[in-house]
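One structure below.
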Amino acid sequence: METTTWIHTTLTLGPHGLTPTSANAVSAALESAIEDGDLTRFHFLRKDSGMRLRAAGPKAADRLPSILDTLANQDLIAAWRPGVYEPEVEAFGGSAGMDAAHDLFCADSRTILIGLAAEHASGPRAREAAVLLLSTLLRGARLDWYEIGDVWSRIAAERPPVTAPEGARLARSCAAVQSLMHADATQVKAGPGWDARVQAFAKAGARVRALADDGDLSRGQTRQVGLRAVLAHHAIFALNRAGLSGVHQAALALLAKTVVFSPASNVSAPDADAPTASLVQMESTITPTAADQASELRATLVQNLKDADVLYDPRTAEAFLAVERHKFLPGVDLATAYADDAVTVKTADTGIAISAISQPTIVATMLQQLDAQPGERILEAGAATGYNAALIGNLVGPNGHVWTIDVDQDLIDGANAHLAAAGVGNVTAVLGDGGAGLPAYGPYDRIIFTVGAGNVPAAILDQLAPGGRLVIPVRIRGGVSRAIALQRDGDQWVSVSSEMATFMPLRKGIADDERVITALSEDGGVTLHTYAEQNVDTTAITKALDYLGYEVFTGVKFRKGTTWEWLNLWLTCALPSGISRMPTSGPLVESGKIRPQFPWGSMAAVEADTIAYLSMREGQDESGRFWEAAVIGHGANAAALAEATGEQIRAWSEGHRDTVPTFRVATGPSRETLRGRFTVDKPGSRIALDWA
């Protein structure tokens with residue numbers, strides 16, 4: 001029985017998944033660790049657009065994180081996070097069956113990476129290779145023809161339903177699959193590592209068969225499990241490891257099942273002289289429908305959000321699965337429509353984006369803050385495409401209703417058209433100013449702003465029913481806006497949650513949040529985003545980078561997994577003119593004259609003609625790697641602003657680092673008596689922030 005301790009990690013890959021370049025880097029790093037004796041073996045699954053990587057060895061707990069940090073820093077993977085490996089021992093027939101599975105996992109994983117790295121292309125033969133390898137597995141287990149068909153039937157039952165091709169296309173597809181099922185995989189020329197993969201599958205089939213013959217496959221201590229059930233589970237893992245989508249897995253299983261059981265297929269069991277198959281033969285024969293692809297992409301998006309701990313409410317997950325996002329983005333390809341990213345739908349004459357369908361991560365976060373219930377009446381400010389309103393419509397059900405507002409008639413017309421195309425009947429898009437609300441249809445049980453606001457409008461609070469909730473992204477003196485969920489407490493409104501959320505700003509109305517973007521470098525690569533409530537000389541600030549930098553190291557350390565968001569909020573409250581986004585790129589960054597905090601840029605303190613942006617330096621101490629917060633000032637008063645910013649970073653770290661602030665909002669006469677650790681005045685409202 002295996003006693004291996006596996007170190008489990010989940011890798012977020014780039015938009016193109018496991019490419020030859022990233023496969024080569026991952027393979028080289030892991031093989032080097034094996035040569036050094038730090039790792040003994042590894043295996044992975046490609047699933048939900050990511051990679052679940054497990055490694056074992058005497059130094060796996062230290063070496064694997066170090067490898068992944070290096071890959072992430074080189075942009076070969078997007079990110080990674082640790083986790084707990086829970087092997088499916090019972091599904092593979094008990095501890096001996098799990099040992100056999102791990103041996104196959106590891107052998108197959110190594111050769112997949114070697115093959116991908118050598119191919120310099122993203123696996124055009126993956127489907128054909130899968131049929132060859134699984135046929136090898138099943139023949140190794142000495143299954144007869146109809147037992148093989150039963151395994152494929154079990155695989156099909158675990159995958160999403162797909163539509164079978166018809167007529168001549170079905171015949172061609174079945175012929176291609178039949179040829180692969182009959183072929184001798186050892187005679188196929190498929191690049192480096194192929195022979196080792198074939199041998200691993202043949203050996204695994206024989207090993208599982210031996211366990212079954214000896215009565216050693218079981219689920220639980222007393223219940224025997226069938227050989228074909230365990231082999232079907234092996235097949236599903238192999239298909240996931242190979243990177244085949246659920247739709248393609250379903251299509252393969254359906255065709256293989258048809259080959260075995262359909263009277264029209266006119267096939268027989270494989271013979272010893274079966275011809276060698278061409279691995280490119282079947283690539284164009286299985287084409288999932290657009291509906292199949294969209295359904296799978298929605299499911300993958302939902303699973304990714306769950307895995308990232310963003311989506312935890314079952315009703316919200318069901319809404320994401322039910323509402324077809326691509327119908328709110330006509331003309332946009334499916335991959336883009338279901339990526340976890342915002343999609344711009346309207347730009348100003350200057351080219352600046354002014355309306356977008358929001359990033360699903362932000363959408364899920366705010367919908368869970370809203371907590372809409374069946375039968376409720378909801379108002380949304382920021383209709384855009386109508387997608388978010390459709391999700392809310394799903395949550396409130398047929399007895400509820402959603403009104404959504406936007407300031408541009410073309411957006412309203414588009415939203416109504418999209419809602420109709422998606423079959424959404426309980427949402428109405430209306431032209432209007434989100435900051436003024438829609439009193440004609442109030443009061444509302446809940447109100448949500450899916451645009452950034454510069455204020456918490458009293459008119460909106462007045463349109464909430466007793467016990468109602470407002471979710472609104474409010475910018476605090478230039479910093480990144482926070483989506484704050486507010487409920488009434490006497491004469492005040494108190495936050496029940498707050499989440500960092502960046503949105504297109506409200507335009508043309510009561511709570512507009514128009515930003516000014518100022519170029520700080522001649523090439524336009526370094527810019528500063530500021531707002532009306534900040535004290536910034538937008539003419540003089542363009543010369544700030546002409547001054548030499550003044551650097552302050554704070555001694556405040558951040559470690560992997562910790563967030564800067566609460567420090568940013570503290571700084572924007574504590575400093576005289578708050579902080580701003582300072583995106584950076586171009587020659588100043590490449591030459592090292594600007595050393596931004598993150599690859600996208602930095603948050604920066606601003607005051608009149610001077611900036612002091614956040615930076616950091618990496619170090620190592622007895623607790624491991626850390627990043628020390630630094631401040632670099634430029635401008636006439638660079639030293640004073642950089643030192644003041646550094647002092648506030650230390651004040652936050654020493655007294656408030658482990659606490660989360662509470663927001664309180666008051667309007668009307670009660671605003672004059674509202675006080676907190678920080679108090680921010682807005683037109684018509686006051687916001688108080690307290691760190692416990």
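The chains in the structure tokens are called A, B, ... from first to last as shown; in each chain the residues are counted from 1, and the ligands are counted from 1 in the order shown.
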
Within 7 Å of segment 200-214 of chain A, counting only C-alpha atoms, which residues show up once you throw out same-chain ones fewer than 2 positions away? Write them as a PDB file with C-alpha atoms, in the first residue's frame, please.
ATOM      1  CA  GLY A  97      -6.189   0.244  -7.171  1.00  0.00           C
ATOM      2  CA  ALA A 100      -1.950   1.448  -9.775  1.00  0.00           C
ATOM      3  CA  LEU A 104      -0.266   5.555 -14.492  1.00  0.00           C
ATOM      4  CA  ALA A 107       4.013   7.986 -16.157  1.00  0.00           C
ATOM      5  CA  LEU A 133      -4.352   4.868 -25.396  1.00  0.00           C
ATOM      6  CA  THR A 136      -4.662  -0.075 -25.146  1.00  0.00           C
ATOM      7  CA  LEU A 137      -5.764   0.197 -21.516  1.00  0.00           C
ATOM      8  CA  LEU A 138      -8.945  -1.803 -22.117  1.00  0.00           C
ATOM      9  CA  GLY A 140      -4.550  -4.711 -21.445  1.00  0.00           C
ATOM     10  CA  ALA A 141      -7.398  -5.503 -19.067  1.00  0.00           C
ATOM     11  CA  ALA A 196       6.340   5.087 -22.786  1.00  0.00           C
ATOM     12  CA  ARG A 197       2.724   6.280 -22.667  1.00  0.00           C
ATOM     13  CA  VAL A 198       1.481   3.223 -24.556  1.00  0.00           C
ATOM     14  CA  ASP A 216      -8.963  -6.868  -4.536  1.00  0.00           C
ATOM     15  CA  LEU A 217     -11.077  -4.098  -6.132  1.00  0.00           C
ATOM     16  CA  LEU A 227     -13.503  -3.924 -13.278  1.00  0.00           C
TER      17      LEU A 227
END

Contacts of segment 557-569 of chain A within 8 Å, only C-alpha atoms, excl. fewer than 2 positions in-chain, as a list in words: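 The neighbour list is Ile476, Gly479, Val480, Met500, Gly555, Leu571, Thr572, Cys573, Ile579, Met603, Arg625, Phe626, Trp627, Glu628, Ala629, Ile649, Trp652, Arg657 and Val660 of chain A.
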
Give me the residues within 9 Å of Asn426 of chain A as a PDB file with all heavy atoms, in the first residue's frame, counting only C-alpha atoms and dropping any in the same chain fewer than 3 places off.
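Below you can see selection.pdb, which holds the result:
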ATOM      1  N   ALA A 390     -30.168  40.402 -16.020  1.00  0.00           N
ATOM      2  CA  ALA A 390     -30.735  39.084 -16.299  1.00  0.00           C
ATOM      3  C   ALA A 390     -30.392  38.094 -15.191  1.00  0.00           C
ATOM      4  O   ALA A 390     -31.221  37.253 -14.813  1.00  0.00           O
ATOM      5  CB  ALA A 390     -30.224  38.569 -17.645  1.00  0.00           C
ATOM      6  N   GLY A 393     -32.627  38.910 -12.452  1.00  0.00           N
ATOM      7  CA  GLY A 393     -33.954  38.417 -12.803  1.00  0.00           C
ATOM      8  C   GLY A 393     -34.099  36.931 -12.521  1.00  0.00           C
ATOM      9  O   GLY A 393     -35.154  36.464 -12.070  1.00  0.00           O
ATOM     10  N   ASN A 394     -33.047  36.168 -12.766  1.00  0.00           N
ATOM     11  CA  ASN A 394     -33.079  34.740 -12.455  1.00  0.00           C
ATOM     12  C   ASN A 394     -33.207  34.520 -10.950  1.00  0.00           C
ATOM     13  O   ASN A 394     -33.926  33.619 -10.496  1.00  0.00           O
ATOM     14  CB  ASN A 394     -31.812  34.071 -12.990  1.00  0.00           C
ATOM     15  CG  ASN A 394     -31.773  32.588 -12.734  1.00  0.00           C
ATOM     16  OD1 ASN A 394     -31.380  32.154 -11.650  1.00  0.00           O
ATOM     17  ND2 ASN A 394     -32.169  31.799 -13.718  1.00  0.00           N
ATOM     18  N   VAL A 396     -34.576  36.576  -8.647  1.00  0.00           N
ATOM     19  CA  VAL A 396     -35.869  36.974  -8.073  1.00  0.00           C
ATOM     20  C   VAL A 396     -37.018  36.141  -8.620  1.00  0.00           C
ATOM     21  O   VAL A 396     -38.107  36.113  -8.031  1.00  0.00           O
ATOM     22  CB  VAL A 396     -36.146  38.480  -8.282  1.00  0.00           C
ATOM     23  CG1 VAL A 396     -35.052  39.327  -7.642  1.00  0.00           C
ATOM     24  CG2 VAL A 396     -36.307  38.824  -9.762  1.00  0.00           C
ATOM     25  N   GLY A 397     -36.789  35.461  -9.747  1.00  0.00           N
ATOM     26  CA  GLY A 397     -37.793  34.550 -10.274  1.00  0.00           C
ATOM     27  C   GLY A 397     -38.964  35.241 -10.938  1.00  0.00           C
ATOM     28  O   GLY A 397     -39.026  36.485 -11.028  1.00  0.00           O
ATOM     29  N   PRO A 398     -39.935  34.465 -11.403  1.00  0.00           N
ATOM     30  CA  PRO A 398     -41.053  35.026 -12.187  1.00  0.00           C
ATOM     31  C   PRO A 398     -41.948  35.966 -11.393  1.00  0.00           C
ATOM     32  O   PRO A 398     -42.639  36.793 -11.989  1.00  0.00           O
ATOM     33  CB  PRO A 398     -41.821  33.781 -12.643  1.00  0.00           C
ATOM     34  CG  PRO A 398     -41.416  32.705 -11.685  1.00  0.00           C
ATOM     35  CD  PRO A 398     -40.001  33.002 -11.310  1.00  0.00           C
ATOM     36  N   ASN A 399     -41.929  35.869 -10.075  1.00  0.00           N
ATOM     37  CA  ASN A 399     -42.765  36.757  -9.261  1.00  0.00           C
ATOM     38  C   ASN A 399     -42.045  38.030  -8.842  1.00  0.00           C
ATOM     39  O   ASN A 399     -42.622  38.878  -8.171  1.00  0.00           O
ATOM     40  CB  ASN A 399     -43.263  36.012  -8.016  1.00  0.00           C
ATOM     41  CG  ASN A 399     -44.197  34.872  -8.367  1.00  0.00           C
ATOM     42  OD1 ASN A 399     -44.978  34.980  -9.313  1.00  0.00           O
ATOM     43  ND2 ASN A 399     -44.110  33.773  -7.638  1.00  0.00           N
ATOM     44  N   GLY A 400     -40.786  38.153  -9.205  1.00  0.00           N
ATOM     45  CA  GLY A 400     -40.036  39.370  -8.929  1.00  0.00           C
ATOM     46  C   GLY A 400     -39.837  40.173 -10.202  1.00  0.00           C
ATOM     47  O   GLY A 400     -40.196  39.734 -11.302  1.00  0.00           O
ATOM     48  N   HIS A 401     -39.261  41.364 -10.073  1.00  0.00           N
ATOM     49  CA  HIS A 401     -39.013  42.195 -11.260  1.00  0.00           C
ATOM     50  C   HIS A 401     -37.780  43.048 -11.022  1.00  0.00           C
ATOM     51  O   HIS A 401     -37.469  43.445  -9.896  1.00  0.00           O
ATOM     52  CB  HIS A 401     -40.204  43.099 -11.574  1.00  0.00           C
ATOM     53  CG  HIS A 401     -40.183  43.583 -13.001  1.00  0.00           C
ATOM     54  ND1 HIS A 401     -40.756  42.877 -14.038  1.00  0.00           N
ATOM     55  CD2 HIS A 401     -39.624  44.688 -13.560  1.00  0.00           C
ATOM     56  CE1 HIS A 401     -40.568  43.532 -15.174  1.00  0.00           C
ATOM     57  NE2 HIS A 401     -39.875  44.637 -14.904  1.00  0.00           N
ATOM     58  N   VAL A 402     -37.065  43.315 -12.126  1.00  0.00           N
ATOM     59  CA  VAL A 402     -35.850  44.121 -12.103  1.00  0.00           C
ATOM     60  C   VAL A 402     -36.004  45.280 -13.068  1.00  0.00           C
ATOM     61  O   VAL A 402     -36.428  45.084 -14.210  1.00  0.00           O
ATOM     62  CB  VAL A 402     -34.613  43.277 -12.497  1.00  0.00           C
ATOM     63  CG1 VAL A 402     -33.337  44.124 -12.439  1.00  0.00           C
ATOM     64  CG2 VAL A 402     -34.484  42.045 -11.610  1.00  0.00           C
ATOM     65  N   TRP A 403     -35.683  46.476 -12.602  1.00  0.00           N
ATOM     66  CA  TRP A 403     -35.582  47.647 -13.476  1.00  0.00           C
ATOM     67  C   TRP A 403     -34.107  48.037 -13.537  1.00  0.00           C
ATOM     68  O   TRP A 403     -33.427  48.101 -12.506  1.00  0.00           O
ATOM     69  CB  TRP A 403     -36.391  48.822 -12.929  1.00  0.00           C
ATOM     70  CG  TRP A 403     -37.873  48.641 -13.037  1.00  0.00           C
ATOM     71  CD1 TRP A 403     -38.701  49.071 -14.030  1.00  0.00           C
ATOM     72  CD2 TRP A 403     -38.724  47.951 -12.097  1.00  0.00           C
ATOM     73  NE1 TRP A 403     -39.993  48.706 -13.787  1.00  0.00           N
ATOM     74  CE2 TRP A 403     -40.050  48.019 -12.599  1.00  0.00           C
ATOM     75  CE3 TRP A 403     -38.504  47.287 -10.887  1.00  0.00           C
ATOM     76  CZ2 TRP A 403     -41.122  47.456 -11.928  1.00  0.00           C
ATOM     77  CZ3 TRP A 403     -39.568  46.728 -10.224  1.00  0.00           C
ATOM     78  CH2 TRP A 403     -40.871  46.806 -10.742  1.00  0.00           C
TER      79      TRP A 403
END

Within 10 Å of Ala337 of chain A using only C-alpha atoms, minus same-chain residues under 2 positions, as a PyMOL selection string: chain A and resi 294+297-298+324-335+339-343+357

How would the residues just picked look written out with C-alpha atoms as a compact mmCIF listing (two decimals), in the first residue's frame?
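Below is the file selection_1.txt, written as the result:
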# COMPACT_ATOMS: atom_id res chain seq x y z
CA ALA A 294 -21.40 27.66 -24.67
CA LEU A 297 -17.82 27.24 -21.15
CA ARG A 298 -20.45 28.43 -18.66
CA GLU A 324 -26.33 32.73 -21.48
CA ARG A 325 -23.70 35.47 -21.30
CA HIS A 326 -22.85 35.21 -25.00
CA LYS A 327 -26.37 36.35 -25.94
CA PHE A 328 -25.55 39.69 -24.32
CA LEU A 329 -22.39 40.00 -26.43
CA PRO A 330 -23.51 39.42 -30.04
CA GLY A 331 -20.57 39.27 -32.41
CA VAL A 332 -18.11 38.30 -29.66
CA ASP A 333 -16.55 34.83 -29.84
CA LEU A 334 -17.59 32.31 -27.18
CA ALA A 335 -14.17 32.07 -25.54
CA ALA A 339 -13.59 34.48 -20.02
CA ASP A 340 -13.26 35.94 -16.52
CA ASP A 341 -12.75 39.40 -17.89
CA ALA A 342 -14.70 42.55 -18.64
CA VAL A 343 -15.66 43.19 -22.28
CA ILE A 357 -20.03 43.93 -19.40

Polymer residues at most 10 Å from Leu419 of chain A, only C-alpha atoms, same-chain spacing of 4 or more positions, as a ChimeraX atom specification: /A:327-328,385-387,389-390,414-415,423-429

Keeping only C-alpha atoms, write the selected residues as a short mmCIF file (atom, residue, chain, number, x, y, z; two decimals), in the first residue's frame.
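Now in result_11.cif:
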data_model
loop_
_atom_site.label_atom_id
_atom_site.label_comp_id
_atom_site.auth_asym_id
_atom_site.auth_seq_id
_atom_site.Cartn_x
_atom_site.Cartn_y
_atom_site.Cartn_z
CA LYS A 327 -26.37 36.35 -25.94
CA PHE A 328 -25.55 39.69 -24.32
CA THR A 385 -25.70 44.96 -21.99
CA GLY A 386 -28.45 43.78 -19.62
CA TYR A 387 -26.49 40.68 -18.51
CA ALA A 389 -29.93 42.45 -14.71
CA ALA A 390 -30.73 39.08 -16.30
CA GLY A 414 -29.31 46.99 -26.87
CA ALA A 415 -30.06 45.74 -23.37
CA GLY A 423 -35.92 34.97 -23.13
CA VAL A 424 -35.78 37.14 -20.00
CA GLY A 425 -39.25 38.50 -19.26
CA ASN A 426 -38.97 40.02 -15.80
CA VAL A 427 -36.38 42.75 -16.53
CA THR A 428 -37.07 46.22 -17.95
CA ALA A 429 -34.30 48.55 -19.19
#

Distance in Å - atom CA of Glu86 of chain A versus atom CA of Thr19 of chain A: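 Answer for the atom CA of Glu86 of chain A to atom CA of Thr19 of chain A separation: 27.0 Å.
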
Secondary structure check, strand (DSSP E) residues of segment 477-673 of chain A, as number ranges by chain: A: 482-489, 492-500, 516-519, 527-530, 550-558, 579-583, 601-607, 610-621, 624-634, 662-667

Segment 540-549 of chain A surroundings by only C-alpha atoms, 10 Å radius, close-in-sequence under 6 positions cut, as a PyMOL selection string: chain A and resi 518-522+526-528+588+593-594+606-612+631-639+642

Residue contacts of Arg54 of chain A (12 Å, only C-alpha atoms) excluding same-chain residues fewer than 6 positions away, as a PyMOL selection string: chain A and resi 4-11+30+39-46+60-61+64-65+68+81-87+102+105-106+109

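Pairwise distance (atom CA of Thr584 of chain A, atom CA of Thr12 of chain A) equals 24.1 Å.
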
Distance criterion (only C-alpha atoms): nearest to Leu367 of chain A out of A:Glu499, A:Glu551, A:Glu647, A:Asp681: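 Closest candidate: A:Glu499.
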
Point-to-point distance from atom CA of Pro161 of chain A to atom CA of Tyr146 of chain A, Å rounded to tenths: 21.7 Å
